[in-house]
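Peer 1: Quick one: structure below, then a few questions.
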Amino acid sequence: MKPTRFAARDDGPAARVAGFMAHLRLNGFSLGVAETELALAALGQVEATDADTARMALQCVCAGSAEQAARFPALFDAYWRNGGRVRSKAVPTPVRTSMERMQTSRTGNDNAAPSGGGGRIEAPDDGGEGESEAGGEGKRVASRLANLMKKDLRELVSAQDIRQAEAVARRLGAVLCDRRSRRRRAAKRGQAIDFRRTIRASLATGGEPLDLRRKTRPDRAVRIVTLCDVSGSMLVYARPFLAFLAGWMRADPTSDAYLFHTRLVRISDALRDEDPLRALNRVTLLADGMGGGSKIGAALAQFAVRDARRIVGGRTVVVILSDGYDSDPPAVIGAALAKLKKRGCRILWLNPLKGWAGYAPIAGAMAAALPHLDLFAAANTLADLAALEGELSRL
Amino acid sequence: MGIGGRQRPPAQTMKDWRDLQSDFARHGYVAADDLSMALHIALALGRPLLLEGEAGVGKTEVARTLAAVKSTALIRLQCYEGLDAAQAIYEWNYQRQLLAIRASAEAGETGRVVEARLFSDEFLLERPLLKAIRQPVSPVLLIDEIDRADEEFEAYLLEVLSDYQITVPEIGTISAITRPMVILTANGTRDLSDALRRRCIYAHVGYPDRATELAILRSRCPALSDALSRQIIGFVQALRKEELDKKPGVAEMLDFAAALAGLGLADLTDDPVVLQAALGTLLKTQSDRAAVPTEVAQRIAGKAA
C-alpha cells in the first residue's frame with residue numbers, strides 16, 4: 001500500500017498523531033491527552049518512518065487489552081494508509097458484488113419472518129414446527145427459532161415493579177454475603193494478634209504489651225451473576241424476573257446480569273441506567289429476538305467458556321432463571337454447568353414451573369442440570385423470590 | 001535522593017528494539033516482534049510493562065531474561081488474594097522492637113531516643129516494593145499475577161508506580177534512588193482497572209507460532225535432533241487446536257521435549273506407550289487426558305511428522 005499523502009496545510013506529525021488518537025477513541029479505545037503524549041514519545045524512540053515499526057510502537061502504547069491489540073492493526077491501516085481511507089482504483093468486480101447482494105437478501109429471510117401485528121406471543125412455536133399441535137397432552141417444547149419481532153419491555157415491567165424488586169434484591173444480596181476474606185482487619189475479638197497496633201499501644205504502658213490488639217478476617221461480599229431466560233416459553237415470567245434483575249443491578253454494583261434466548265447478551269450496564277424506564281428501553285434494544293427460541297445449553301456453554309473466566313470465581317453465585325425447556329441436547333447443558341461449577345461458584349436454578357402442582361424436572365435439560373445445582377427452587381412472582389431468603393441463608 | 005529518582009534508565013544501551021531482541025535471543029529467550037517493541041518502549045520511556053496472556057507462554061521468563069540482559073537483580077512480588085502492605089511494601093520487626101524496648105528501659109534511656117531508634121532502618125523489614133526502589137543499581141521488579149491481588153492493592157500499586165516513592169508514617173517519605181524496570185503479568189483471573197492499564201505499556205503474549213516455538217526449543221534443547229524437534233513442535237501446536245481445558249504452554253512443551261529426550265525416543269510415532277506416558281507433561285487435568293487417548297495422540301503425532 002502507498003503511504004498516505006497529506007495536504008499542504010497539514011499541521012505536522014503531532015497533529016496527525018492526535019488525529020489518530022481521536023480515530024481510536026471513536027473506535028472505543030479510552031485514550032486521553034497523556035496517551036497522545038506517550039505515543040509521540042514512543043515514536044521518538046523508534047525508527048518511525050517504517051510503517052510496521054511505527055504500528056508496533058503505537059500498539060503497545062494505545063492498546064490496553066488482548067481484544068484491542070487484535071483490532072489495532074486494522075485501525076492503524078484505516079487511518080495511516082491510503083487503502084483504508086480512499087477507495088482503491090482497482091478494477092470493479094460487478095459479478096462479486098451482485099453475489100454479495102444476493103446473499104445478504106437471502107439471509108434476511110433465513111430466520112423467522114418478522115410478524116406484523118400483535119401475534120400470539122405466548123406460544124413457544126410461532127414458526128409452527130408441528131410438535132406443539134401434534135400432542136393432545138399439551139406438551140411444551142422448546143423452539144429453535146430466533147424471534148426477530150421486537151418486544152417493548154416497558155409494556156412488561158413498570159417502574160414501581162423495579163422499586164419493589166430493589167428492596168427484595170437488597171435483602172437477598174445481604175443474605176448471600178458470607179464468604180471470608182484472607183485479608184485481616186482490626187477487630188476487638190479477632191483470632192490473630194495485630195502486632196503493629198499492639199506495639200503502638202505498648203508505648204503508653206512503658207513498653208509492656210498489656211493491651212493486646214487483635215485482627216480478624218472481614219466478611220467479603222459475594223458477587224452475583226444472573227442469567228435470565230427470555231425465550232418464548234418464559235415470556236409470561238419476564239415481568240417479575242426483569243424487575244428483579246433491574247432491582248438487583250441497582251442494589252448491588254458488583255453484580256452482573258445476562259439475558260439469553262438463542263443468544264447470550266450482557267445487560268448489566270443497560271439495567272444500571274439512572275432512569276428505570278430508559279434502562280428498560282436499552283435492554284429492549286439489546287434483547288432483540290426476545291420471546292423466540294431457547295438454546296439454554298449453548299448460552300450456558302458460551303458463558304462458561306467466555307464470560308465466566310473473567311467474572312466467576314470462588315466467591316460468585318450464579319443464578320439461572322429458566323424453565324429448562326431447551327432445544328439443545330441435554331448433554332450440552334450438563335457439560336456447561338460442570339465446567340462452570342469447576343470455577344468454584346455456587347449455582348442456583350430458579351424455575352417458575354417448579355411452583356406448579358405435580359411438577360417433576362423431567363425435561364431432559366433440567367434432569368441433566370440437577371446434579372450440578374446447589375439450589376433448585378420455584379420462583380414465579382416477586383413474592384416467591386423474596387421468600388427465597390431462608391433457603392439462601394442455608395447455602 | 002528525590003532528583004536521582006527522576007532519572008530514566010540509561011538510554012544509550014538500547015539503540016533499537018532489534019538489538020534488544022537479539023540480546024534476548026542470546027540469553028535463550030526468543031521474543032516476538034510485538035513483545036520486543038513493547039519492552040523497548042517501556043524501557044526507553046521508563047514506564048511499567050503489562051504482559052497479558054495464557055499461563056505458560058513465558059511472561060515471567062521475560063522479567064528473568066531482562067534481568068540477565070541488563071545484568072541486574074530481579075526482585076519478584078508474587079501476588080495473591082489478600083496480599084497486603086505488610087507483605088508487599090514493608091513491615092516493622094516487632095519482635096526486635098519489643099526486645100529493644102526492654103533493653104532500653106533497663107539502660108534507663110529516655111522516650112525520644114528510644115522512639116527514634118525503634119523506628120529506624122534497623123527495625124524496618126523491606127518487602128519487594130520498598131526493596132526495589134532502594135537499590136543502587138536499577139533492578140527489574142516483577143509483579144507477578146497482579147490480577148490475583150485485590151483491587152485495593154492495585155490502587156496502591158498505581159500510586160507507587162506513578163511516583164516511585166513510599167510513605168512510612170514513622171519515618172517519612174522514601175523516594176526511589178533508582179527507578180526499577182517494572183514488569184507486571186496477568187492472566188485474566190479478573191479484569192484489571194483501566195487506570196492501571198493506562199499507566200502501563202501493554203503487550204499481549206500469545207502462544208508462539210511454529211517458527212518461533214521451534215527457535216525456542218532449539219535454543220533450550222540444542223541436543224535434540226532436528227527431525228524430532230520439528231515433530232514435537234508440530235505435535236504441541238496441533239494439540240493446542242484440540243478442545244482442551246488447559247492448553248499446553250511453552251514451559252510444558254519444554255518439559256515434554258526433556259521427557260522425550262530422557263526416555264530416548266527418536267521418533268514420536270515409534271512407541272505409543274512412551275508417548276502416552278510423556279503426555280503427562282503436557283496435559284495436566286483428568287478430562288484433558290481423557291480427551292487425548294492413545295489413538296488420538298498417535299494420529300496427531302503421525303500428522304506432525
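Lettering and numbering for the C-alpha cells are positional, with chains as A, B, ... in the shown order, residues counted from 1 in each chain, and ligands counted from 1 in the shown order.
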Hey, list the chain A side of the contact with chain B: 9 Å cut-off, only C-alpha atoms, answer as a PyMOL selection string.

Peer 2: chain A and resi 30-31+35+38+41-43+45-47+53+56-57+59-66+69+181-184+195-196+199+203+206-209+309-313

Peer 1: For those residues, write N, CA, C and O atoms to a file as a short mmCIF file (atom, residue, chain, number, x, y, z; two decimals), in the first residue's frame.

Peer 2:
```cif
data_model
loop_
_atom_site.label_atom_id
_atom_site.label_comp_id
_atom_site.auth_asym_id
_atom_site.auth_seq_id
_atom_site.Cartn_x
_atom_site.Cartn_y
_atom_site.Cartn_z
N SER A 30 -10.17 3.92 25.22
CA SER A 30 -10.24 5.04 26.16
C SER A 30 -8.84 5.64 26.28
O SER A 30 -7.99 5.14 27.00
N LEU A 31 -8.60 6.71 25.53
CA LEU A 31 -7.29 7.34 25.49
C LEU A 31 -7.43 8.83 25.74
O LEU A 31 -8.37 9.45 25.26
N GLU A 35 -1.96 9.88 26.87
CA GLU A 35 -1.59 8.80 25.97
C GLU A 35 -1.04 9.35 24.65
O GLU A 35 -0.14 8.76 24.06
N LEU A 38 2.41 10.20 25.30
CA LEU A 38 3.18 8.96 25.41
C LEU A 38 3.43 8.36 24.03
O LEU A 38 4.53 7.87 23.74
N ALA A 41 6.12 10.26 22.32
CA ALA A 41 7.41 9.92 22.93
C ALA A 41 7.87 8.55 22.44
O ALA A 41 9.05 8.35 22.15
N ALA A 42 6.92 7.62 22.34
CA ALA A 42 7.26 6.27 21.89
C ALA A 42 7.77 6.30 20.45
O ALA A 42 8.73 5.62 20.11
N LEU A 43 7.11 7.10 19.60
CA LEU A 43 7.54 7.19 18.20
C LEU A 43 8.94 7.79 18.11
O LEU A 43 9.71 7.46 17.21
N GLN A 45 11.30 7.11 19.97
CA GLN A 45 12.27 6.10 20.39
C GLN A 45 12.53 5.05 19.33
O GLN A 45 13.35 4.16 19.54
N VAL A 46 11.78 5.09 18.25
CA VAL A 46 11.96 4.06 17.23
C VAL A 46 12.14 4.69 15.86
O VAL A 46 12.01 5.91 15.70
N GLU A 47 12.41 3.87 14.89
CA GLU A 47 12.53 4.30 13.50
C GLU A 47 11.12 4.46 12.96
O GLU A 47 10.57 3.54 12.36
N THR A 53 7.14 -0.76 12.17
CA THR A 53 7.74 -0.37 13.44
C THR A 53 6.84 0.63 14.15
O THR A 53 6.58 0.51 15.35
N MET A 56 3.79 -1.09 15.63
CA MET A 56 4.03 -1.82 16.87
C MET A 56 4.24 -0.87 18.04
O MET A 56 3.77 -1.11 19.14
N ALA A 57 4.97 0.23 17.78
CA ALA A 57 5.24 1.19 18.86
C ALA A 57 3.93 1.79 19.35
O ALA A 57 3.69 1.89 20.56
N GLN A 59 0.98 0.53 18.99
CA GLN A 59 0.09 -0.50 19.54
C GLN A 59 0.37 -0.76 21.02
O GLN A 59 -0.55 -0.86 21.82
N CYS A 60 1.64 -0.83 21.39
CA CYS A 60 1.91 -1.17 22.79
C CYS A 60 1.57 -0.01 23.71
O CYS A 60 1.38 -0.21 24.91
N VAL A 61 1.46 1.20 23.14
CA VAL A 61 1.05 2.33 23.98
C VAL A 61 -0.49 2.41 24.04
O VAL A 61 -1.07 2.63 25.11
N CYS A 62 -1.13 2.24 22.89
CA CYS A 62 -2.57 2.52 22.81
C CYS A 62 -3.46 1.35 23.20
O CYS A 62 -4.50 1.55 23.82
N ALA A 63 -3.08 0.14 22.82
CA ALA A 63 -3.95 -1.00 23.12
C ALA A 63 -3.78 -1.37 24.59
O ALA A 63 -2.67 -1.35 25.11
N GLY A 64 -4.90 -1.68 25.25
CA GLY A 64 -4.83 -1.99 26.67
C GLY A 64 -5.34 -3.37 27.00
O GLY A 64 -5.34 -3.77 28.16
N SER A 65 -5.79 -4.12 26.00
CA SER A 65 -6.27 -5.47 26.27
C SER A 65 -6.04 -6.32 25.04
O SER A 65 -5.74 -5.79 23.96
N ALA A 66 -6.19 -7.63 25.21
CA ALA A 66 -5.94 -8.54 24.09
C ALA A 66 -6.86 -8.22 22.93
O ALA A 66 -6.46 -8.25 21.76
N ALA A 69 -5.67 -5.13 21.18
CA ALA A 69 -4.43 -5.42 20.46
C ALA A 69 -4.74 -6.13 19.14
O ALA A 69 -4.08 -5.89 18.12
N SER A 181 -12.72 -13.29 53.72
CA SER A 181 -11.57 -12.79 53.00
C SER A 181 -10.31 -13.27 53.73
O SER A 181 -10.36 -13.60 54.89
N ARG A 182 -9.19 -13.29 53.01
CA ARG A 182 -7.96 -13.69 53.67
C ARG A 182 -7.29 -12.50 54.31
O ARG A 182 -6.35 -12.63 55.07
N ARG A 183 -7.77 -11.35 53.97
CA ARG A 183 -7.17 -10.15 54.48
C ARG A 183 -7.71 -9.86 55.86
O ARG A 183 -8.89 -10.06 56.12
N ARG A 184 -6.88 -9.37 56.77
CA ARG A 184 -7.35 -9.16 58.14
C ARG A 184 -7.58 -7.69 58.44
O ARG A 184 -6.88 -6.82 57.95
N PHE A 195 0.26 -7.06 65.63
CA PHE A 195 1.50 -6.61 66.26
C PHE A 195 1.67 -5.10 66.15
O PHE A 195 2.06 -4.44 67.10
N ARG A 196 1.38 -4.59 64.99
CA ARG A 196 1.61 -3.17 64.75
C ARG A 196 0.87 -2.33 65.78
O ARG A 196 1.44 -1.46 66.42
N ILE A 199 2.16 -2.93 69.55
CA ILE A 199 3.40 -2.21 69.89
C ILE A 199 3.10 -0.74 70.10
O ILE A 199 3.56 -0.12 71.06
N LEU A 203 3.57 1.50 73.92
CA LEU A 203 4.33 2.70 74.25
C LEU A 203 3.68 3.44 75.41
O LEU A 203 4.35 4.07 76.22
N GLY A 206 4.79 1.91 78.90
CA GLY A 206 6.22 1.74 79.11
C GLY A 206 6.79 0.51 78.46
O GLY A 206 7.69 -0.13 79.01
N GLY A 207 6.28 0.15 77.31
CA GLY A 207 6.85 -0.97 76.57
C GLY A 207 6.30 -2.32 76.96
O GLY A 207 6.67 -3.34 76.39
N GLU A 208 5.39 -2.37 77.95
CA GLU A 208 4.76 -3.64 78.28
C GLU A 208 3.53 -3.83 77.39
O GLU A 208 2.61 -3.02 77.45
N PRO A 209 3.52 -4.86 76.58
CA PRO A 209 2.33 -5.05 75.74
C PRO A 209 1.16 -5.60 76.54
O PRO A 209 0.82 -6.77 76.47
N ARG A 309 -14.75 -16.94 32.77
CA ARG A 309 -13.32 -16.90 33.07
C ARG A 309 -12.96 -15.60 33.75
O ARG A 309 -12.03 -15.54 34.54
N ARG A 310 -13.65 -14.56 33.40
CA ARG A 310 -13.33 -13.24 33.93
C ARG A 310 -14.09 -12.96 35.22
O ARG A 310 -13.54 -12.41 36.16
N ILE A 311 -15.36 -13.34 35.29
CA ILE A 311 -16.17 -12.84 36.40
C ILE A 311 -16.57 -13.90 37.41
O ILE A 311 -17.04 -13.55 38.48
N VAL A 312 -16.39 -15.18 37.11
CA VAL A 312 -16.83 -16.20 38.06
C VAL A 312 -15.64 -16.81 38.79
O VAL A 312 -14.69 -17.25 38.17
N GLY A 313 -15.71 -16.77 40.11
CA GLY A 313 -14.65 -17.36 40.92
C GLY A 313 -15.25 -17.99 42.15
O GLY A 313 -16.44 -18.28 42.19
#
```

Peer 1: As a list in words, please: the residues near Ala176 of chain B (cut-off 6 Å, only C-alpha atoms, same-chain neighbours under 4 positions excluded).

Peer 2: Gly5, Ile133, Arg134, Tyr164 and Gln165 of chain B

Peer 1: Residues within 10 Å of Ala336 of chain A, please, as a PyMOL selection string. Count only C-alpha atoms; anything in the same chain fewer than 6 positions from it doesn't count.

Peer 2: chain A and resi 296-305+369+372

Peer 1: Take the residues that were just selected and, keeping N, CA and C atoms, output them as a compact mmCIF listing (two decimals), in the first residue's frame.

Peer 2:
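Heads up, here's the output in part.txt:
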```txt
# COMPACT_ATOMS: atom_id res chain seq x y z
N ILE A 296 -30.60 -22.96 25.80
CA ILE A 296 -30.04 -22.80 27.13
C ILE A 296 -28.63 -23.38 27.18
N GLY A 297 -28.49 -24.60 26.64
CA GLY A 297 -27.20 -25.28 26.67
C GLY A 297 -26.11 -24.45 26.02
N ALA A 298 -26.38 -23.98 24.80
CA ALA A 298 -25.38 -23.20 24.08
C ALA A 298 -25.05 -21.91 24.82
N ALA A 299 -26.10 -21.25 25.35
CA ALA A 299 -25.88 -19.99 26.05
C ALA A 299 -25.02 -20.22 27.29
N LEU A 300 -25.33 -21.27 28.05
CA LEU A 300 -24.56 -21.55 29.26
C LEU A 300 -23.13 -21.95 28.91
N ALA A 301 -22.98 -22.72 27.85
CA ALA A 301 -21.63 -23.14 27.44
C ALA A 301 -20.81 -21.93 27.06
N GLN A 302 -21.44 -21.03 26.32
CA GLN A 302 -20.74 -19.82 25.91
C GLN A 302 -20.35 -19.00 27.14
N PHE A 303 -21.27 -18.93 28.09
CA PHE A 303 -20.99 -18.19 29.32
C PHE A 303 -19.83 -18.82 30.07
N ALA A 304 -19.86 -20.17 30.18
CA ALA A 304 -18.83 -20.87 30.95
C ALA A 304 -17.45 -20.69 30.33
N VAL A 305 -17.40 -20.66 28.99
CA VAL A 305 -16.10 -20.58 28.34
C VAL A 305 -15.60 -19.15 28.27
N ALA A 369 -29.21 -30.94 34.39
CA ALA A 369 -28.64 -29.84 35.17
C ALA A 369 -28.64 -30.13 36.66
N HIS A 372 -25.72 -30.63 39.23
CA HIS A 372 -24.72 -29.57 39.39
C HIS A 372 -25.24 -28.39 40.20
```

Peer 1: Please indicate the distance in Å from atom CA of Leu260 of chain B to atom CA of Leu244 of chain B, rounded to one decimal place.

Peer 2: 21.8 Å

Peer 1: Could you state the separation of atom CA of Asn281 of chain A and atom CA of Val265 of chain A in Å, given to one decimal place?

Peer 2: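 Result for atom CA of Asn281 of chain A versus atom CA of Val265 of chain A: 14.7 Å, one decimal.
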
Peer 1: Neighbours of Pro128 of chain B within 10 Å (only C-alpha atoms; same-chain residues fewer than 4 positions away dropped), as a list in words?

Peer 2: Ile75, Arg76, Leu77, Gln78, Gln87, Ala88, Ile89, Tyr90, Ala132, Ile133, Leu141, Leu142 and Ile143 of chain B

Peer 1: Take the residues just selected and output them with all heavy atoms as a CSV table (one decimal), in the first residue's frame.

Peer 2:
```csv
chain,number,residue,atom,x,y,z
B,75,ILE,N,13.8,-8.6,41.4
B,75,ILE,CA,13.0,-8.6,42.6
B,75,ILE,C,11.6,-9.0,42.3
B,75,ILE,O,11.0,-8.4,41.4
B,75,ILE,CB,13.0,-7.2,43.3
B,75,ILE,CG1,14.5,-6.9,43.7
B,75,ILE,CG2,12.1,-7.2,44.5
B,75,ILE,CD1,14.7,-5.5,44.2
B,76,ARG,N,11.1,-10.0,42.9
B,76,ARG,CA,9.8,-10.6,42.5
B,76,ARG,C,8.8,-10.4,43.6
B,76,ARG,O,9.0,-10.7,44.8
B,76,ARG,CB,10.0,-12.0,42.2
B,76,ARG,CG,8.7,-12.7,41.8
B,76,ARG,CD,9.0,-14.1,41.3
B,76,ARG,NE,7.8,-14.8,41.0
B,76,ARG,CZ,7.7,-15.9,40.4
B,76,ARG,NH1,8.7,-16.5,39.9
B,76,ARG,NH2,6.5,-16.5,40.2
B,77,LEU,N,7.6,-9.9,43.2
B,77,LEU,CA,6.5,-9.9,44.1
B,77,LEU,C,5.4,-10.8,43.6
B,77,LEU,O,4.8,-10.4,42.5
B,77,LEU,CB,6.0,-8.4,44.3
B,77,LEU,CG,4.7,-8.3,45.1
B,77,LEU,CD1,4.9,-8.7,46.5
B,77,LEU,CD2,4.2,-6.8,45.0
B,78,GLN,N,5.1,-11.9,44.2
B,78,GLN,CA,4.1,-12.8,43.8
B,78,GLN,C,2.8,-12.3,44.4
B,78,GLN,O,2.7,-12.3,45.6
B,78,GLN,CB,4.4,-14.2,44.2
B,78,GLN,CG,3.3,-15.2,43.9
B,78,GLN,CD,3.1,-15.5,42.5
B,78,GLN,OE1,4.0,-15.7,41.7
B,78,GLN,NE2,1.8,-15.4,42.1
B,87,GLN,N,3.1,-7.4,53.5
B,87,GLN,CA,3.9,-8.4,52.7
B,87,GLN,C,4.5,-7.8,51.4
B,87,GLN,O,5.4,-8.3,50.8
B,87,GLN,CB,3.0,-9.6,52.3
B,87,GLN,CG,2.8,-10.5,53.4
B,87,GLN,CD,1.4,-10.7,53.8
B,87,GLN,OE1,0.5,-10.5,52.9
B,87,GLN,NE2,1.1,-10.9,55.1
B,88,ALA,N,3.9,-6.7,51.0
B,88,ALA,CA,4.3,-6.1,49.7
B,88,ALA,C,5.3,-5.0,49.8
B,88,ALA,O,6.1,-4.8,49.0
B,88,ALA,CB,3.1,-5.7,48.9
B,89,ILE,N,5.2,-4.2,50.9
B,89,ILE,CA,5.9,-2.9,51.0
B,89,ILE,C,7.0,-3.0,52.1
B,89,ILE,O,8.2,-3.0,51.9
B,89,ILE,CB,5.0,-1.7,51.1
B,89,ILE,CG1,4.0,-1.7,50.0
B,89,ILE,CG2,5.8,-0.5,51.1
B,89,ILE,CD1,2.8,-1.0,50.3
B,90,TYR,N,6.5,-3.0,53.3
B,90,TYR,CA,7.4,-3.0,54.5
B,90,TYR,C,6.7,-3.5,55.7
B,90,TYR,O,5.4,-3.5,55.7
B,90,TYR,CB,8.0,-1.6,54.7
B,90,TYR,CG,7.0,-0.7,55.4
B,90,TYR,CD1,6.9,-0.6,56.8
B,90,TYR,CD2,6.1,0.0,54.6
B,90,TYR,CE1,5.9,0.2,57.3
B,90,TYR,CE2,5.2,0.8,55.1
B,90,TYR,CZ,5.1,0.9,56.5
B,90,TYR,OH,4.1,1.7,57.1
B,132,ALA,N,12.8,-2.6,46.0
B,132,ALA,CA,13.0,-2.3,44.6
B,132,ALA,C,13.4,-0.8,44.4
B,132,ALA,O,14.2,-0.5,43.5
B,132,ALA,CB,11.8,-2.6,43.7
B,133,ILE,N,12.9,0.0,45.2
B,133,ILE,CA,13.2,1.5,45.0
B,133,ILE,C,14.4,1.9,45.8
B,133,ILE,O,14.8,3.0,45.7
B,133,ILE,CB,12.0,2.4,45.3
B,133,ILE,CG1,11.6,2.4,46.7
B,133,ILE,CG2,10.8,2.0,44.4
B,133,ILE,CD1,10.8,3.6,47.1
B,141,LEU,N,11.8,-5.2,38.6
B,141,LEU,CA,10.8,-5.5,39.5
B,141,LEU,C,9.7,-6.3,38.8
B,141,LEU,O,9.0,-5.8,37.9
B,141,LEU,CB,10.2,-4.3,40.2
B,141,LEU,CG,9.0,-4.5,41.1
B,141,LEU,CD1,9.3,-5.3,42.3
B,141,LEU,CD2,8.5,-3.1,41.6
B,142,LEU,N,9.5,-7.5,39.2
B,142,LEU,CA,8.5,-8.4,38.6
B,142,LEU,C,7.3,-8.5,39.5
B,142,LEU,O,7.4,-9.0,40.6
B,142,LEU,CB,9.0,-9.8,38.3
B,142,LEU,CG,8.0,-10.8,37.9
B,142,LEU,CD1,7.3,-10.5,36.6
B,142,LEU,CD2,8.6,-12.2,37.8
B,143,ILE,N,6.1,-8.0,39.1
B,143,ILE,CA,4.9,-8.1,39.9
B,143,ILE,C,4.1,-9.1,39.2
B,143,ILE,O,3.4,-8.9,38.2
B,143,ILE,CB,4.2,-6.7,40.0
B,143,ILE,CG1,5.2,-5.7,40.7
B,143,ILE,CG2,2.9,-6.9,40.8
B,143,ILE,CD1,4.7,-4.3,40.7
```
